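Peer 1: Sharing my_file.cif (mmCIF, N, CA and C atoms) below.
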```
data_run
loop_
_atom_site.label_atom_id
_atom_site.label_comp_id
_atom_site.auth_asym_id
_atom_site.auth_seq_id
_atom_site.Cartn_x
_atom_site.Cartn_y
_atom_site.Cartn_z
N MET A 300 5.76 -27.89 43.24
CA MET A 300 4.86 -27.05 44.02
C MET A 300 3.55 -26.91 43.26
N PHE A 301 2.51 -27.56 43.71
CA PHE A 301 1.15 -27.43 43.19
C PHE A 301 1.05 -27.63 41.69
N GLY A 302 1.86 -28.50 41.11
CA GLY A 302 1.78 -28.79 39.68
C GLY A 302 2.38 -27.71 38.79
N LEU A 303 3.13 -26.80 39.34
CA LEU A 303 3.75 -25.73 38.55
C LEU A 303 5.07 -26.21 37.96
N ASP A 304 5.50 -25.55 36.89
CA ASP A 304 6.81 -25.93 36.36
C ASP A 304 7.91 -25.36 37.27
N LYS A 305 9.13 -25.79 37.06
CA LYS A 305 10.25 -25.42 37.93
C LYS A 305 10.50 -23.91 37.94
N ARG A 306 10.32 -23.27 36.80
CA ARG A 306 10.57 -21.84 36.72
C ARG A 306 9.51 -21.04 37.49
N ASP A 307 8.25 -21.46 37.41
CA ASP A 307 7.21 -20.81 38.20
C ASP A 307 7.51 -20.96 39.70
N THR A 308 7.89 -22.15 40.08
CA THR A 308 8.22 -22.41 41.48
C THR A 308 9.40 -21.56 41.92
N LEU A 309 10.43 -21.48 41.08
CA LEU A 309 11.60 -20.65 41.38
C LEU A 309 11.18 -19.20 41.57
N PHE A 310 10.34 -18.69 40.68
CA PHE A 310 9.88 -17.32 40.79
C PHE A 310 9.12 -17.10 42.10
N ILE A 311 8.20 -18.00 42.42
CA ILE A 311 7.39 -17.87 43.63
C ILE A 311 8.27 -17.87 44.88
N VAL A 312 9.16 -18.84 44.97
CA VAL A 312 10.02 -18.95 46.15
C VAL A 312 10.88 -17.70 46.29
N TRP A 313 11.47 -17.25 45.19
CA TRP A 313 12.33 -16.07 45.26
C TRP A 313 11.53 -14.82 45.60
N ALA A 314 10.38 -14.62 44.99
CA ALA A 314 9.56 -13.44 45.26
C ALA A 314 9.20 -13.36 46.74
N PHE A 315 8.79 -14.48 47.31
CA PHE A 315 8.42 -14.49 48.72
C PHE A 315 9.65 -14.35 49.61
N ALA A 316 10.76 -14.93 49.22
CA ALA A 316 11.99 -14.78 50.00
C ALA A 316 12.41 -13.32 50.07
N VAL A 317 12.36 -12.63 48.94
CA VAL A 317 12.72 -11.21 48.91
C VAL A 317 11.81 -10.42 49.85
N GLN A 318 10.51 -10.65 49.77
CA GLN A 318 9.58 -9.88 50.60
C GLN A 318 9.77 -10.18 52.08
N ILE A 319 10.01 -11.43 52.43
CA ILE A 319 10.21 -11.79 53.83
C ILE A 319 11.52 -11.19 54.35
N ILE A 320 12.56 -11.21 53.54
CA ILE A 320 13.83 -10.59 53.94
C ILE A 320 13.64 -9.09 54.15
N LEU A 321 12.88 -8.45 53.27
CA LEU A 321 12.61 -7.01 53.43
C LEU A 321 11.85 -6.74 54.73
N ILE A 322 10.88 -7.58 55.04
CA ILE A 322 10.12 -7.41 56.28
C ILE A 322 11.05 -7.51 57.49
N ILE A 323 11.91 -8.50 57.50
CA ILE A 323 12.86 -8.67 58.62
C ILE A 323 13.80 -7.46 58.68
N HIS A 324 14.31 -7.05 57.53
CA HIS A 324 15.21 -5.91 57.47
C HIS A 324 14.54 -4.65 58.02
N PHE A 325 13.33 -4.36 57.58
CA PHE A 325 12.63 -3.16 58.04
C PHE A 325 12.26 -3.25 59.52
N ALA A 326 11.99 -4.47 59.99
CA ALA A 326 11.60 -4.66 61.39
C ALA A 326 12.76 -4.36 62.35
N VAL A 327 13.99 -4.63 61.94
CA VAL A 327 15.14 -4.44 62.83
C VAL A 327 15.96 -3.19 62.50
N ARG A 328 15.69 -2.55 61.39
CA ARG A 328 16.54 -1.45 60.91
C ARG A 328 16.69 -0.31 61.91
N LYS A 329 15.60 0.20 62.44
CA LYS A 329 15.69 1.36 63.31
C LYS A 329 16.26 1.02 64.68
N ARG A 330 15.78 -0.06 65.25
CA ARG A 330 16.20 -0.44 66.61
C ARG A 330 17.68 -0.81 66.68
N PHE A 331 18.18 -1.44 65.63
CA PHE A 331 19.57 -1.90 65.63
C PHE A 331 20.37 -1.18 64.55
N PHE A 332 20.18 0.14 64.46
CA PHE A 332 20.80 0.90 63.38
C PHE A 332 22.32 0.75 63.37
N GLU A 333 22.96 0.96 64.50
CA GLU A 333 24.43 0.91 64.55
C GLU A 333 24.96 -0.52 64.39
N SER A 334 24.33 -1.48 65.08
CA SER A 334 24.86 -2.84 65.07
C SER A 334 24.45 -3.66 63.86
N TYR A 335 23.34 -3.29 63.22
CA TYR A 335 22.88 -4.07 62.07
C TYR A 335 22.89 -3.26 60.78
N THR A 336 22.12 -2.21 60.74
CA THR A 336 21.88 -1.50 59.49
C THR A 336 23.16 -0.98 58.86
N ILE A 337 23.98 -0.30 59.63
CA ILE A 337 25.21 0.27 59.08
C ILE A 337 26.16 -0.84 58.63
N LYS A 338 26.26 -1.90 59.43
CA LYS A 338 27.21 -2.98 59.12
C LYS A 338 26.69 -3.96 58.08
N PHE A 339 25.39 -4.27 58.12
CA PHE A 339 24.89 -5.37 57.30
C PHE A 339 23.75 -5.00 56.34
N GLY A 340 23.32 -3.77 56.34
CA GLY A 340 22.23 -3.37 55.47
C GLY A 340 22.52 -3.56 53.99
N TRP A 341 23.80 -3.51 53.65
CA TRP A 341 24.21 -3.70 52.25
C TRP A 341 23.84 -5.07 51.73
N ILE A 342 23.62 -6.02 52.62
CA ILE A 342 23.27 -7.37 52.19
C ILE A 342 21.95 -7.37 51.41
N VAL A 343 21.03 -6.49 51.79
CA VAL A 343 19.77 -6.39 51.04
C VAL A 343 20.07 -6.00 49.59
N TYR A 344 20.99 -5.06 49.40
CA TYR A 344 21.38 -4.68 48.04
C TYR A 344 22.08 -5.84 47.33
N ALA A 345 22.89 -6.59 48.06
CA ALA A 345 23.63 -7.72 47.46
C ALA A 345 22.70 -8.83 46.98
N LEU A 346 21.50 -8.89 47.50
CA LEU A 346 20.53 -9.88 47.03
C LEU A 346 20.17 -9.68 45.56
N SER A 347 20.55 -8.54 45.02
CA SER A 347 20.29 -8.31 43.59
C SER A 347 21.12 -9.25 42.71
N ILE A 348 22.21 -9.77 43.24
CA ILE A 348 23.04 -10.69 42.46
C ILE A 348 22.30 -12.01 42.20
N PRO A 349 21.80 -12.70 43.23
CA PRO A 349 20.99 -13.89 42.92
C PRO A 349 19.70 -13.53 42.18
N ALA A 350 19.17 -12.33 42.42
CA ALA A 350 17.95 -11.92 41.71
C ALA A 350 18.19 -11.87 40.20
N VAL A 351 19.34 -11.34 39.80
CA VAL A 351 19.67 -11.28 38.37
C VAL A 351 19.90 -12.69 37.82
N ALA A 352 20.58 -13.52 38.59
CA ALA A 352 20.81 -14.90 38.15
C ALA A 352 19.47 -15.61 37.93
N ILE A 353 18.55 -15.43 38.84
CA ILE A 353 17.23 -16.05 38.69
C ILE A 353 16.49 -15.46 37.49
N SER A 354 16.60 -14.16 37.29
CA SER A 354 15.97 -13.54 36.13
C SER A 354 16.54 -14.08 34.82
N ILE A 355 17.83 -14.32 34.79
CA ILE A 355 18.44 -14.89 33.58
C ILE A 355 17.92 -16.30 33.34
N ILE A 356 17.79 -17.09 34.40
CA ILE A 356 17.22 -18.44 34.27
C ILE A 356 15.80 -18.36 33.71
N LEU A 357 15.01 -17.43 34.23
CA LEU A 357 13.62 -17.28 33.77
C LEU A 357 13.56 -16.79 32.33
N LEU A 358 14.42 -15.85 31.99
CA LEU A 358 14.49 -15.32 30.62
C LEU A 358 14.87 -16.41 29.64
N LEU A 359 15.96 -17.12 29.94
CA LEU A 359 16.43 -18.18 29.05
C LEU A 359 15.46 -19.37 29.01
N GLY A 360 14.67 -19.50 30.07
CA GLY A 360 13.68 -20.57 30.13
C GLY A 360 12.39 -20.24 29.42
N GLY A 361 12.33 -19.05 28.81
CA GLY A 361 11.18 -18.69 28.02
C GLY A 361 10.02 -18.06 28.78
N LYS A 362 10.26 -17.66 30.02
CA LYS A 362 9.19 -17.02 30.78
C LYS A 362 8.93 -15.62 30.22
N SER A 363 7.72 -15.15 30.40
CA SER A 363 7.32 -13.81 29.98
C SER A 363 8.18 -12.76 30.68
N TRP A 364 8.34 -11.62 30.03
CA TRP A 364 9.16 -10.53 30.57
C TRP A 364 8.72 -10.10 31.96
N SER A 365 7.45 -10.24 32.28
CA SER A 365 6.98 -9.79 33.58
C SER A 365 7.57 -10.63 34.72
N PHE A 366 8.01 -11.84 34.42
CA PHE A 366 8.60 -12.70 35.44
C PHE A 366 10.08 -12.42 35.66
N TRP A 367 10.80 -12.01 34.63
CA TRP A 367 12.23 -11.82 34.80
C TRP A 367 12.65 -10.37 34.97
N LEU A 368 11.76 -9.42 34.74
CA LEU A 368 12.12 -8.01 34.85
C LEU A 368 12.47 -7.60 36.28
N GLY A 369 11.83 -8.19 37.26
CA GLY A 369 12.07 -7.82 38.66
C GLY A 369 13.52 -7.93 39.09
N GLY A 370 14.20 -8.97 38.67
CA GLY A 370 15.60 -9.13 39.05
C GLY A 370 16.50 -8.06 38.48
N PHE A 371 16.23 -7.64 37.26
CA PHE A 371 17.03 -6.58 36.64
C PHE A 371 16.71 -5.23 37.28
N LEU A 372 15.45 -5.01 37.62
CA LEU A 372 15.09 -3.79 38.35
C LEU A 372 15.73 -3.79 39.73
N PHE A 373 15.80 -4.95 40.35
CA PHE A 373 16.46 -5.08 41.65
C PHE A 373 17.92 -4.65 41.53
N LEU A 374 18.59 -5.07 40.48
CA LEU A 374 20.00 -4.70 40.28
C LEU A 374 20.16 -3.19 40.14
N ILE A 375 19.29 -2.55 39.39
CA ILE A 375 19.37 -1.10 39.21
C ILE A 375 19.10 -0.39 40.54
N TYR A 376 18.05 -0.83 41.24
CA TYR A 376 17.74 -0.26 42.56
C TYR A 376 18.91 -0.44 43.52
N ALA A 377 19.46 -1.64 43.55
CA ALA A 377 20.55 -1.94 44.48
C ALA A 377 21.81 -1.13 44.15
N ALA A 378 22.12 -1.00 42.89
CA ALA A 378 23.30 -0.22 42.49
C ALA A 378 23.13 1.24 42.92
N PHE A 379 21.95 1.79 42.67
CA PHE A 379 21.68 3.17 43.07
C PHE A 379 21.72 3.31 44.59
N GLY A 380 21.03 2.42 45.30
CA GLY A 380 20.99 2.49 46.76
C GLY A 380 22.36 2.30 47.39
N TYR A 381 23.11 1.34 46.89
CA TYR A 381 24.45 1.10 47.43
C TYR A 381 25.35 2.32 47.21
N TYR A 382 25.27 2.89 46.02
CA TYR A 382 26.08 4.06 45.70
C TYR A 382 25.74 5.22 46.64
N VAL A 383 24.46 5.49 46.81
CA VAL A 383 24.02 6.61 47.65
C VAL A 383 24.32 6.34 49.13
N ASP A 384 23.99 5.14 49.61
CA ASP A 384 24.10 4.84 51.03
C ASP A 384 25.50 4.48 51.50
N TYR A 385 26.25 3.75 50.68
CA TYR A 385 27.53 3.23 51.14
C TYR A 385 28.74 3.86 50.47
N VAL A 386 28.65 4.18 49.20
CA VAL A 386 29.79 4.79 48.52
C VAL A 386 29.86 6.28 48.86
N LYS A 387 28.79 7.00 48.55
CA LYS A 387 28.75 8.44 48.81
C LYS A 387 28.33 8.79 50.24
N GLN A 388 27.66 7.85 50.92
CA GLN A 388 27.19 8.03 52.29
C GLN A 388 26.39 9.33 52.45
N ILE A 389 25.43 9.50 51.56
CA ILE A 389 24.59 10.70 51.58
C ILE A 389 23.43 10.47 52.55
N PRO A 390 23.28 11.32 53.56
CA PRO A 390 22.16 11.18 54.51
C PRO A 390 20.89 11.79 53.92
N TRP A 391 20.33 11.11 52.95
CA TRP A 391 19.22 11.67 52.19
C TRP A 391 17.85 11.45 52.82
N ARG A 392 17.78 10.58 53.81
CA ARG A 392 16.49 10.27 54.43
C ARG A 392 16.06 11.32 55.46
N GLU A 393 17.04 11.93 56.12
CA GLU A 393 16.74 12.93 57.13
C GLU A 393 17.83 13.98 57.14
N PRO A 394 17.61 15.16 56.64
CA PRO A 394 16.38 15.60 56.00
C PRO A 394 16.21 14.95 54.63
N VAL A 395 15.00 14.87 54.18
CA VAL A 395 14.69 14.21 52.92
C VAL A 395 15.26 15.02 51.76
N ASP A 396 16.02 14.32 50.93
CA ASP A 396 16.55 14.91 49.68
C ASP A 396 15.71 14.33 48.55
N LEU A 397 14.81 15.14 48.03
CA LEU A 397 13.86 14.66 47.02
C LEU A 397 14.55 14.20 45.74
N SER A 398 15.70 14.76 45.42
CA SER A 398 16.41 14.35 44.19
C SER A 398 16.93 12.93 44.30
N ILE A 399 17.08 12.44 45.50
CA ILE A 399 17.49 11.04 45.71
C ILE A 399 16.27 10.19 46.04
N MET A 400 15.37 10.71 46.86
CA MET A 400 14.21 9.94 47.30
C MET A 400 13.34 9.45 46.14
N PHE A 401 13.04 10.33 45.19
CA PHE A 401 12.14 9.94 44.10
C PHE A 401 12.69 8.79 43.26
N PRO A 402 13.93 8.86 42.77
CA PRO A 402 14.41 7.70 42.01
C PRO A 402 14.57 6.45 42.88
N TYR A 403 15.00 6.62 44.15
CA TYR A 403 15.19 5.49 45.05
C TYR A 403 13.86 4.77 45.28
N VAL A 404 12.83 5.51 45.64
CA VAL A 404 11.52 4.91 45.92
C VAL A 404 10.90 4.34 44.65
N THR A 405 11.06 5.03 43.53
CA THR A 405 10.53 4.52 42.26
C THR A 405 11.19 3.21 41.88
N LEU A 406 12.50 3.13 42.00
CA LEU A 406 13.21 1.89 41.68
C LEU A 406 12.82 0.77 42.65
N TYR A 407 12.72 1.09 43.94
CA TYR A 407 12.33 0.09 44.92
C TYR A 407 10.93 -0.46 44.63
N LEU A 408 9.98 0.45 44.44
CA LEU A 408 8.61 0.01 44.20
C LEU A 408 8.47 -0.75 42.89
N SER A 409 9.18 -0.33 41.85
CA SER A 409 9.09 -1.06 40.58
C SER A 409 9.66 -2.47 40.73
N MET A 410 10.74 -2.61 41.50
CA MET A 410 11.30 -3.94 41.75
C MET A 410 10.30 -4.81 42.48
N VAL A 411 9.72 -4.29 43.55
CA VAL A 411 8.77 -5.07 44.34
C VAL A 411 7.52 -5.42 43.52
N MET A 412 7.06 -4.48 42.73
CA MET A 412 5.85 -4.72 41.93
C MET A 412 6.05 -5.86 40.92
N PHE A 413 7.27 -5.97 40.39
CA PHE A 413 7.51 -7.04 39.43
C PHE A 413 7.85 -8.37 40.09
N TYR A 414 7.80 -8.42 41.40
CA TYR A 414 7.76 -9.70 42.10
C TYR A 414 6.32 -10.00 42.52
N TRP A 415 5.51 -8.96 42.68
CA TRP A 415 4.14 -9.13 43.14
C TRP A 415 3.17 -9.38 41.99
N TRP A 416 3.10 -8.49 41.03
CA TRP A 416 2.10 -8.57 39.97
C TRP A 416 2.12 -9.87 39.17
N PRO A 417 3.28 -10.40 38.79
CA PRO A 417 3.25 -11.66 38.02
C PRO A 417 2.68 -12.85 38.79
N LEU A 418 2.64 -12.74 40.12
CA LEU A 418 2.03 -13.82 40.90
C LEU A 418 0.57 -14.04 40.52
N ALA A 419 -0.10 -12.98 40.09
CA ALA A 419 -1.51 -13.11 39.69
C ALA A 419 -1.66 -14.02 38.47
N LEU A 420 -0.62 -14.12 37.66
CA LEU A 420 -0.66 -15.00 36.49
C LEU A 420 -0.50 -16.47 36.88
N ILE A 421 0.04 -16.70 38.07
CA ILE A 421 0.27 -18.06 38.55
C ILE A 421 -0.82 -18.50 39.50
N SER A 422 -1.12 -17.64 40.49
CA SER A 422 -2.07 -18.02 41.55
C SER A 422 -2.62 -16.77 42.21
N ARG A 423 -3.91 -16.57 42.10
CA ARG A 423 -4.54 -15.42 42.74
C ARG A 423 -4.37 -15.47 44.27
N PRO A 424 -4.53 -16.63 44.93
CA PRO A 424 -4.31 -16.67 46.39
C PRO A 424 -2.89 -16.24 46.78
N LEU A 425 -1.87 -16.67 46.02
CA LEU A 425 -0.51 -16.24 46.32
C LEU A 425 -0.36 -14.73 46.12
N TRP A 426 -1.05 -14.19 45.16
CA TRP A 426 -1.02 -12.75 44.91
C TRP A 426 -1.56 -12.01 46.13
N PHE A 427 -2.65 -12.51 46.72
CA PHE A 427 -3.23 -11.87 47.90
C PHE A 427 -2.32 -12.00 49.13
N VAL A 428 -1.68 -13.15 49.29
CA VAL A 428 -0.75 -13.33 50.40
C VAL A 428 0.42 -12.35 50.25
N TYR A 429 0.93 -12.24 49.03
CA TYR A 429 2.02 -11.30 48.78
C TYR A 429 1.57 -9.87 49.05
N ALA A 430 0.34 -9.54 48.69
CA ALA A 430 -0.20 -8.20 48.96
C ALA A 430 -0.17 -7.92 50.46
N ALA A 431 -0.56 -8.89 51.27
CA ALA A 431 -0.53 -8.72 52.72
C ALA A 431 0.90 -8.51 53.21
N LEU A 432 1.83 -9.29 52.68
CA LEU A 432 3.23 -9.12 53.06
C LEU A 432 3.77 -7.76 52.61
N PHE A 433 3.34 -7.31 51.44
CA PHE A 433 3.77 -6.00 50.95
C PHE A 433 3.25 -4.89 51.87
N ILE A 434 2.03 -5.01 52.34
CA ILE A 434 1.48 -4.01 53.27
C ILE A 434 2.27 -3.99 54.57
N ILE A 435 2.57 -5.17 55.10
CA ILE A 435 3.38 -5.27 56.32
C ILE A 435 4.75 -4.64 56.09
N SER A 436 5.37 -4.98 54.98
CA SER A 436 6.68 -4.45 54.63
C SER A 436 6.65 -2.93 54.52
N THR A 437 5.64 -2.40 53.88
CA THR A 437 5.53 -0.96 53.68
C THR A 437 5.36 -0.24 55.01
N ILE A 438 4.51 -0.77 55.88
CA ILE A 438 4.31 -0.16 57.19
C ILE A 438 5.62 -0.17 57.97
N LEU A 439 6.29 -1.31 58.01
CA LEU A 439 7.57 -1.40 58.72
C LEU A 439 8.61 -0.47 58.12
N ASN A 440 8.63 -0.37 56.80
CA ASN A 440 9.58 0.51 56.12
C ASN A 440 9.34 1.97 56.54
N ILE A 441 8.09 2.38 56.53
CA ILE A 441 7.77 3.77 56.88
C ILE A 441 8.11 4.09 58.32
N ILE A 442 7.75 3.19 59.25
CA ILE A 442 8.00 3.50 60.66
C ILE A 442 9.46 3.28 61.08
N SER A 443 10.25 2.67 60.22
CA SER A 443 11.66 2.44 60.58
C SER A 443 12.57 3.59 60.19
N HIS A 444 11.98 4.68 59.72
CA HIS A 444 12.80 5.86 59.39
C HIS A 444 12.69 6.90 60.47
#
```
Can the structure in the file be given as structure tokens, please?
Peer 2:
Amino acid sequence: MFGLDKRDTLFIVWAFAVQIILIIHFAVRKRFFESYTIKFGWIVYALSIPAVAISIILLLGGKSWSFWLGGFLFLIYAAFGYYVDYVKQIPWREPVDLSIMFPYVTLYLSMVMFYWWPLALISRPLWFVYAALFIISTILNIISH
């Protein structure tokens, strides 16, 4: 891909895949809450497993910490989200439970940021495209609650 090494390409493909999956998830979450979100929403959390595998590849391949941290943050976010949403089944979004919302949103945003920010080290145009996708994702996320 554009003369990049395999690890850079892996990072780019995975970062964009995660963002596109999030966009699709947020786009259908509210409308298909019973048929999709409750039954299959956990799959978004399960994506942390390949995310960690990719982070390990990047770490062992000598990439800077900014490239591999996102996958480990994804795992922490997913573990917390899965525990709250599926194990404990806490309805924290409505009404909003700030003791859950703050760590959940912080973990989510930190995970996403470490897929977005390192793109600037590879390609500024890709960074801008990801920024546009992040804005779309954020809008869909907000209106899907």
Peer 1: Enclose the full set of atoms of segment 426-433 of chain A listed in the file within a box whose edges lie along x, y and z, apply 8 Å of padding to each of the six sides, and report centre and edge lengths in Å to one decimal as AutoDock Vina command-line options.
Peer 2:
```
--center_x 0.3 --center_y -9.5 --center_z 49.1 --size_x 23.0 --size_y 25.3 --size_z 24.3
```
Peer 1: Measuring between only C-alpha atoms, which one of A:Leu418, A:Leu372, A:Ala430, A:Ile320 shows the shortest distance to Ser354 of chain A?
Peer 2: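 Ranking A:Leu418, A:Leu372, A:Ala430, A:Ile320 by distance to Ser354 of chain A, first place goes to A:Leu372.
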Peer 1: In Å to one decimal, how far is atom N of Tyr429 of chain A from atom N of Tyr403 of chain A?
Peer 2: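 According to the coordinates, atom N of Tyr403 of chain A and atom N of Tyr429 of chain A are separated by 24.0 Å.
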Peer 1: When the PyMOL selection byres (((chain A and resi 383-388 and name CA) around 12) and name CA) is applied to the structure above, which residues does it catch, written out as a list in words?
Peer 2: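 Listing what the PyMOL selection byres (((chain A and resi 383-388 and name CA) around 12) and name CA) selects in the shown file: Thr336, Ile337, Lys338, Phe339, Gly340, Trp341, Ile342, Tyr344, Tyr376, Ala377, Ala378, Phe379, Gly380, Tyr381, Tyr382, Ile389, Pro390, Trp391, Arg392, Asp396, Ser398, Ile399, Met400, Pro402 and Tyr403 of chain A.
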Peer 1: Could you tell me which residues the PyMOL selection byres (((chain A and resi 411-417 and name CA) around 10) and name CA) returns for this structure, as a ChimeraX atom specification?
Peer 2: /A:307,310-311,313-315,317-318,363-373,405-410,418-423,425-430,432-433
Peer 1: Rounded to one decimal in Å, what is the spacing between atom CA of Arg306 of chain A and atom CA of Leu346 of chain A?
Peer 2: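 So the answer is 18.7 Å.
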Peer 1: Just the alpha helix (DSSP H) stuff from segment 371-435 of chain A, please, per backbone DSSP, written as JSON, numbers by chain.
Peer 2: {"A": [371, 372, 373, 374, 375, 376, 377, 378, 379, 380, 381, 397, 398, 399, 400, 401, 402, 403, 404, 405, 406, 407, 408, 409, 410, 411, 412, 413, 414, 415, 418, 419, 420, 421, 423, 424, 425, 426, 427, 428, 429, 430, 431, 432, 433, 434, 435]}
Peer 1: Pull N, CA and C atoms from the residues just selected and write them as a compact mmCIF listing (two decimals), keeping the file's coordinate frame.
Peer 2:
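So out18.txt came out as:
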```txt
# COMPACT_ATOMS: atom_id res chain seq x y z
N PHE A 371 16.23 -7.64 37.26
CA PHE A 371 17.03 -6.58 36.64
C PHE A 371 16.71 -5.23 37.28
N LEU A 372 15.45 -5.01 37.62
CA LEU A 372 15.09 -3.79 38.35
C LEU A 372 15.73 -3.79 39.73
N PHE A 373 15.80 -4.95 40.35
CA PHE A 373 16.46 -5.08 41.65
C PHE A 373 17.92 -4.65 41.53
N LEU A 374 18.59 -5.07 40.48
CA LEU A 374 20.00 -4.70 40.28
C LEU A 374 20.16 -3.19 40.14
N ILE A 375 19.29 -2.55 39.39
CA ILE A 375 19.37 -1.10 39.21
C ILE A 375 19.10 -0.39 40.54
N TYR A 376 18.05 -0.83 41.24
CA TYR A 376 17.74 -0.26 42.56
C TYR A 376 18.91 -0.44 43.52
N ALA A 377 19.46 -1.64 43.55
CA ALA A 377 20.55 -1.94 44.48
C ALA A 377 21.81 -1.13 44.15
N ALA A 378 22.12 -1.00 42.89
CA ALA A 378 23.30 -0.22 42.49
C ALA A 378 23.13 1.24 42.92
N PHE A 379 21.95 1.79 42.67
CA PHE A 379 21.68 3.17 43.07
C PHE A 379 21.72 3.31 44.59
N GLY A 380 21.03 2.42 45.30
CA GLY A 380 20.99 2.49 46.76
C GLY A 380 22.36 2.30 47.39
N TYR A 381 23.11 1.34 46.89
CA TYR A 381 24.45 1.10 47.43
C TYR A 381 25.35 2.32 47.21
N LEU A 397 14.81 15.14 48.03
CA LEU A 397 13.86 14.66 47.02
C LEU A 397 14.55 14.20 45.74
N SER A 398 15.70 14.76 45.42
CA SER A 398 16.41 14.35 44.19
C SER A 398 16.93 12.93 44.30
N ILE A 399 17.08 12.44 45.50
CA ILE A 399 17.49 11.04 45.71
C ILE A 399 16.27 10.19 46.04
N MET A 400 15.37 10.71 46.86
CA MET A 400 14.21 9.94 47.30
C MET A 400 13.34 9.45 46.14
N PHE A 401 13.04 10.33 45.19
CA PHE A 401 12.14 9.94 44.10
C PHE A 401 12.69 8.79 43.26
N PRO A 402 13.93 8.86 42.77
CA PRO A 402 14.41 7.70 42.01
C PRO A 402 14.57 6.45 42.88
N TYR A 403 15.00 6.62 44.15
CA TYR A 403 15.19 5.49 45.05
C TYR A 403 13.86 4.77 45.28
N VAL A 404 12.83 5.51 45.64
CA VAL A 404 11.52 4.91 45.92
C VAL A 404 10.90 4.34 44.65
N THR A 405 11.06 5.03 43.53
CA THR A 405 10.53 4.52 42.26
C THR A 405 11.19 3.21 41.88
N LEU A 406 12.50 3.13 42.00
CA LEU A 406 13.21 1.89 41.68
C LEU A 406 12.82 0.77 42.65
N TYR A 407 12.72 1.09 43.94
CA TYR A 407 12.33 0.09 44.92
C TYR A 407 10.93 -0.46 44.63
N LEU A 408 9.98 0.45 44.44
CA LEU A 408 8.61 0.01 44.20
C LEU A 408 8.47 -0.75 42.89
N SER A 409 9.18 -0.33 41.85
CA SER A 409 9.09 -1.06 40.58
C SER A 409 9.66 -2.47 40.73
N MET A 410 10.74 -2.61 41.50
CA MET A 410 11.30 -3.94 41.75
C MET A 410 10.30 -4.81 42.48
N VAL A 411 9.72 -4.29 43.55
CA VAL A 411 8.77 -5.07 44.34
C VAL A 411 7.52 -5.42 43.52
N MET A 412 7.06 -4.48 42.73
CA MET A 412 5.85 -4.72 41.93
C MET A 412 6.05 -5.86 40.92
N PHE A 413 7.27 -5.97 40.39
CA PHE A 413 7.51 -7.04 39.43
C PHE A 413 7.85 -8.37 40.09
N TYR A 414 7.80 -8.42 41.40
CA TYR A 414 7.76 -9.70 42.10
C TYR A 414 6.32 -10.00 42.52
N TRP A 415 5.51 -8.96 42.68
CA TRP A 415 4.14 -9.13 43.14
C TRP A 415 3.17 -9.38 41.99
N LEU A 418 2.64 -12.74 40.12
CA LEU A 418 2.03 -13.82 40.90
C LEU A 418 0.57 -14.04 40.52
N ALA A 419 -0.10 -12.98 40.09
CA ALA A 419 -1.51 -13.11 39.69
C ALA A 419 -1.66 -14.02 38.47
N LEU A 420 -0.62 -14.12 37.66
CA LEU A 420 -0.66 -15.00 36.49
C LEU A 420 -0.50 -16.47 36.88
N ILE A 421 0.04 -16.70 38.07
CA ILE A 421 0.27 -18.06 38.55
C ILE A 421 -0.82 -18.50 39.50
N ARG A 423 -3.91 -16.57 42.10
CA ARG A 423 -4.54 -15.42 42.74
C ARG A 423 -4.37 -15.47 44.27
N PRO A 424 -4.53 -16.63 44.93
CA PRO A 424 -4.31 -16.67 46.39
C PRO A 424 -2.89 -16.24 46.78
N LEU A 425 -1.87 -16.67 46.02
CA LEU A 425 -0.51 -16.24 46.32
C LEU A 425 -0.36 -14.73 46.12
N TRP A 426 -1.05 -14.19 45.16
CA TRP A 426 -1.02 -12.75 44.91
C TRP A 426 -1.56 -12.01 46.13
N PHE A 427 -2.65 -12.51 46.72
CA PHE A 427 -3.23 -11.87 47.90
C PHE A 427 -2.32 -12.00 49.13
N VAL A 428 -1.68 -13.15 49.29
CA VAL A 428 -0.75 -13.33 50.40
C VAL A 428 0.42 -12.35 50.25
N TYR A 429 0.93 -12.24 49.03
CA TYR A 429 2.02 -11.30 48.78
C TYR A 429 1.57 -9.87 49.05
N ALA A 430 0.34 -9.54 48.69
CA ALA A 430 -0.20 -8.20 48.96
C ALA A 430 -0.17 -7.92 50.46
N ALA A 431 -0.56 -8.89 51.27
CA ALA A 431 -0.53 -8.72 52.72
C ALA A 431 0.90 -8.51 53.21
N LEU A 432 1.83 -9.29 52.68
CA LEU A 432 3.23 -9.12 53.06
C LEU A 432 3.77 -7.76 52.61
N PHE A 433 3.34 -7.31 51.44
CA PHE A 433 3.77 -6.00 50.95
C PHE A 433 3.25 -4.89 51.87
N ILE A 434 2.03 -5.01 52.34
CA ILE A 434 1.48 -4.01 53.27
C ILE A 434 2.27 -3.99 54.57
N ILE A 435 2.57 -5.17 55.10
CA ILE A 435 3.38 -5.27 56.32
C ILE A 435 4.75 -4.64 56.09
```
